[in-house]
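Trainee: Supplied in structure tokens, the structure appears directly below.
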Amino acid sequence: MLEPERVALVLLAAGCSQRFDGDKLSEPFLNKPLAFHAVTALARVPFMMRIAVVSDTRLDFAGLGYQLVENPDPSLGQARSLCFGVAAAKKAGAQAVLVALADMPRVTATHIYRMFDRADGPATIVASSDGISPMPPALFGRDLFDDLLDLEGDEGARQLIKRGHHVVASPAELVDIDTREDLANLRELYGLEADGK
């Protein structure tokens, strides 16, 4: 098993939110910004460091223990944000990176530990799955860092994670908020008003 203490968490929080039409990561959900739900869940995992790749954010990730890495042009796609995060982790000597998305508010520490249980060395690739498709969060050993740094566009590491182990979680846990309708459906699940408070 790969130890979390040797792994850098890379939280991707620099998306343009084009399909959402607004700053979705700052949207209130259960009395805190949407992005801080992933932060809270992953706070229980003792990563060697926490990196938030951001772009012009008003959210205080630094105050929550994250090293901020600015992506000056998130319109170039998710892969660019991933490259910034992996480069910072590689420079710090991380043995692996756990890549998570700030717009996945229901991911749990239990799921992350199940992913660590499947890790098998520096060439490891472990992704999440809803039982159909592999997706983030995803864990990559250091042997994959150069491959990750070569990625371009909005596909991110999709092709890489198809090759790895897949740890299944419920679709409800792996929900990804892309649109206002997605957030409205999540709020409805919790019996919340439209503004999420």
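Identifiers in this document derive from the order of the structure tokens: chains are assigned A, B, ..., residues are numbered from 1 separately in each chain, and ligands are numbered from 1 in order of occurrence.
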Excluding Gly93 (chain A) and residues on its chain fewer than 3 positions from it, collect all residues at most 12 Å away from it, counting only C-alpha atoms, and give them as number ranges by chain.

Mentor: A: 5-8, 48-49, 86-90, 96-97, 141-142, 145

Trainee: If you take only C-alpha atoms and a cut-off of 12 Å, which residues of region 21-101 of chain A touch region 170-180 of chain A, and what are their nearest atom pairs and distances in Å to one decimal, in chain and number order, as CSV?

Mentor:
residue,atom,partner,partner_atom,distance
A:Asp21,CA,A:Thr179,CA,7.8
A:Gly22,CA,A:Arg180,CA,9.0
A:Asp23,CA,A:Arg180,CA,10.5
A:Lys24,CA,A:Arg180,CA,8.1
A:Leu25,CA,A:Ile177,CA,9.2
A:Glu27,CA,A:Arg180,CA,9.8
A:Pro28,CA,A:Arg180,CA,12.0
A:Phe29,CA,A:Ile177,CA,11.5
A:Leu34,CA,A:Ile177,CA,9.1
A:Ala35,CA,A:Ile177,CA,10.2
A:His37,CA,A:Glu173,CA,12.0
A:Ala38,CA,A:Leu174,CA,11.0
A:Ala41,CA,A:Glu173,CA,11.7
A:Ala100,CA,A:Leu174,CA,10.8
A:Leu101,CA,A:Asp176,CA,8.3

Trainee: What's the separation between CA of Ala109 (chain A) and CA of Ala94 (chain A), in Å to one decimal place?

Mentor: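 Atom-to-atom, CA of Ala109 (chain A) and CA of Ala94 (chain A) are spaced 19.6 Å apart.
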
Trainee: Between A:Glu3, A:Ala102, A:Asp143, A:Pro122, which residue has the minimum interatomic distance to Pro46 (chain A), considering only C-alpha atoms?

Mentor: A:Glu3

Trainee: Distance CA of Ser81 (chain A)-CA of Gly131 (chain A), one decimal place?

Mentor: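 Pair CA of Ser81 (chain A) / CA of Gly131 (chain A) returns 26.5 Å.
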
Trainee: Pick out the closest residue to His166 (chain A) from this set: A:Ile112, A:Leu82, A:Leu42, A:Ile51. Count only C-alpha atoms.

Mentor: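 The shortest atom-to-atom distance to His166 (chain A) comes from A:Ile112.
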
Trainee: Measuring between only C-alpha atoms, which one of A:Ala79, A:His165, A:Arg158, A:Val39 shows the shortest distance to Gly63 (chain A)?

Mentor: A:Val39

Trainee: Would you return as a compact mmCIF listing (two decimals) with N, CA and C atoms, in the first residue's frame the members of region 2-130 of chain A that DSSP assigns to alpha helix (DSSP H) on this structure's backbone?

Mentor:
# COMPACT_ATOMS: atom_id res chain seq x y z
N ALA A 35 -16.84 24.01 -3.15
CA ALA A 35 -15.50 23.45 -3.22
C ALA A 35 -14.98 22.96 -1.88
N PHE A 36 -15.47 23.53 -0.79
CA PHE A 36 -14.92 23.19 0.52
C PHE A 36 -15.43 21.85 1.05
N HIS A 37 -16.40 21.25 0.37
CA HIS A 37 -16.85 19.91 0.80
C HIS A 37 -15.78 18.86 0.51
N ALA A 38 -15.16 18.93 -0.65
CA ALA A 38 -14.05 18.02 -0.95
C ALA A 38 -12.88 18.29 -0.01
N VAL A 39 -12.62 19.57 0.24
CA VAL A 39 -11.54 19.95 1.15
C VAL A 39 -11.77 19.34 2.53
N THR A 40 -13.00 19.44 3.04
CA THR A 40 -13.33 18.91 4.36
C THR A 40 -13.19 17.40 4.40
N ALA A 41 -13.70 16.72 3.39
CA ALA A 41 -13.62 15.25 3.37
C ALA A 41 -12.18 14.78 3.32
N LEU A 42 -11.35 15.44 2.53
CA LEU A 42 -9.97 15.00 2.35
C LEU A 42 -9.05 15.48 3.47
N GLN A 78 -8.48 21.16 -18.69
CA GLN A 78 -8.16 20.58 -17.40
C GLN A 78 -6.74 20.04 -17.33
N ALA A 79 -6.23 19.56 -18.48
CA ALA A 79 -4.88 19.00 -18.49
C ALA A 79 -3.85 20.03 -18.07
N ARG A 80 -4.06 21.29 -18.42
CA ARG A 80 -3.11 22.34 -18.04
C ARG A 80 -3.08 22.50 -16.52
N SER A 81 -4.25 22.49 -15.89
CA SER A 81 -4.29 22.57 -14.42
C SER A 81 -3.60 21.36 -13.80
N LEU A 82 -3.85 20.20 -14.36
CA LEU A 82 -3.23 18.98 -13.86
C LEU A 82 -1.71 19.08 -13.94
N CYS A 83 -1.20 19.61 -15.05
CA CYS A 83 0.26 19.77 -15.22
C CYS A 83 0.85 20.67 -14.15
N PHE A 84 0.18 21.78 -13.86
CA PHE A 84 0.67 22.69 -12.82
C PHE A 84 0.75 21.98 -11.47
N GLY A 85 -0.27 21.21 -11.14
CA GLY A 85 -0.29 20.52 -9.86
C GLY A 85 0.75 19.42 -9.77
N VAL A 86 0.89 18.64 -10.83
CA VAL A 86 1.87 17.55 -10.84
C VAL A 86 3.29 18.11 -10.79
N ALA A 87 3.55 19.20 -11.49
CA ALA A 87 4.88 19.80 -11.46
C ALA A 87 5.26 20.23 -10.04
N ALA A 88 4.30 20.80 -9.31
CA ALA A 88 4.57 21.21 -7.92
C ALA A 88 4.82 20.00 -7.03
N ALA A 89 4.07 18.93 -7.25
CA ALA A 89 4.24 17.70 -6.46
C ALA A 89 5.58 17.05 -6.75
N LYS A 90 5.95 17.02 -8.02
CA LYS A 90 7.23 16.42 -8.43
C LYS A 90 8.39 17.20 -7.81
N LYS A 91 8.31 18.51 -7.86
CA LYS A 91 9.36 19.36 -7.30
C LYS A 91 9.52 19.11 -5.80
N ALA A 109 -13.33 10.26 2.53
CA ALA A 109 -12.00 9.76 2.89
C ALA A 109 -11.96 8.24 2.82
N THR A 110 -13.06 7.58 3.15
CA THR A 110 -13.12 6.11 3.07
C THR A 110 -12.82 5.63 1.67
N HIS A 111 -13.39 6.29 0.68
CA HIS A 111 -13.15 5.92 -0.71
C HIS A 111 -11.67 6.12 -1.06
N ILE A 112 -11.09 7.22 -0.61
CA ILE A 112 -9.68 7.49 -0.90
C ILE A 112 -8.79 6.41 -0.30
N TYR A 113 -9.09 5.97 0.91
CA TYR A 113 -8.29 4.90 1.52
C TYR A 113 -8.45 3.58 0.76
N ARG A 114 -9.62 3.33 0.23
CA ARG A 114 -9.80 2.13 -0.60
C ARG A 114 -8.93 2.22 -1.86
N MET A 115 -8.76 3.42 -2.38
CA MET A 115 -7.88 3.60 -3.53
C MET A 115 -6.42 3.32 -3.14
N PHE A 116 -6.00 3.81 -1.99
CA PHE A 116 -4.64 3.54 -1.52
C PHE A 116 -4.41 2.04 -1.36
N ASP A 117 -5.43 1.31 -0.93
CA ASP A 117 -5.29 -0.14 -0.76
C ASP A 117 -4.98 -0.84 -2.07
N ARG A 118 -5.38 -0.25 -3.20
CA ARG A 118 -5.14 -0.86 -4.51
C ARG A 118 -3.83 -0.40 -5.16

Trainee: I need the residues of region 44-181 of chain A that end up classed as strand (DSSP E or B) by DSSP on the backbone, written out as an MDAnalysis selection string.

Mentor: chainID A and resid 49:54 67:70 96:101 125:129 134:141 165:168

Trainee: Got a sec: who's within 8 Å of Glu70 (chain A), counting only C-alpha atoms, leaving out chain neighbours fewer than 4 positions off, as an mmCIF file with N, CA and C atoms, in the first residue's frame?

Mentor:
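Result file follows (out-v6.cif):
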data_model
loop_
_atom_site.group_PDB
_atom_site.id
_atom_site.type_symbol
_atom_site.label_atom_id
_atom_site.label_comp_id
_atom_site.auth_asym_id
_atom_site.auth_seq_id
_atom_site.Cartn_x
_atom_site.Cartn_y
_atom_site.Cartn_z
ATOM 1 N N VAL A 53 -4.897 23.939 -7.412
ATOM 2 C CA VAL A 53 -4.649 24.660 -8.661
ATOM 3 C C VAL A 53 -5.870 25.541 -8.902
ATOM 4 N N VAL A 54 -5.644 26.849 -8.884
ATOM 5 C CA VAL A 54 -6.743 27.810 -8.904
ATOM 6 C C VAL A 54 -6.550 28.826 -10.027
ATOM 7 N N SER A 55 -7.603 29.603 -10.260
ATOM 8 C CA SER A 55 -7.520 30.705 -11.214
ATOM 9 C C SER A 55 -8.431 31.817 -10.719
ATOM 10 N N ASP A 56 -7.819 32.894 -10.243
ATOM 11 C CA ASP A 56 -8.580 34.076 -9.843
ATOM 12 C C ASP A 56 -9.701 33.713 -8.865
ATOM 13 N N PHE A 84 0.181 21.777 -13.857
ATOM 14 C CA PHE A 84 0.673 22.687 -12.822
ATOM 15 C C PHE A 84 0.750 21.976 -11.473
#
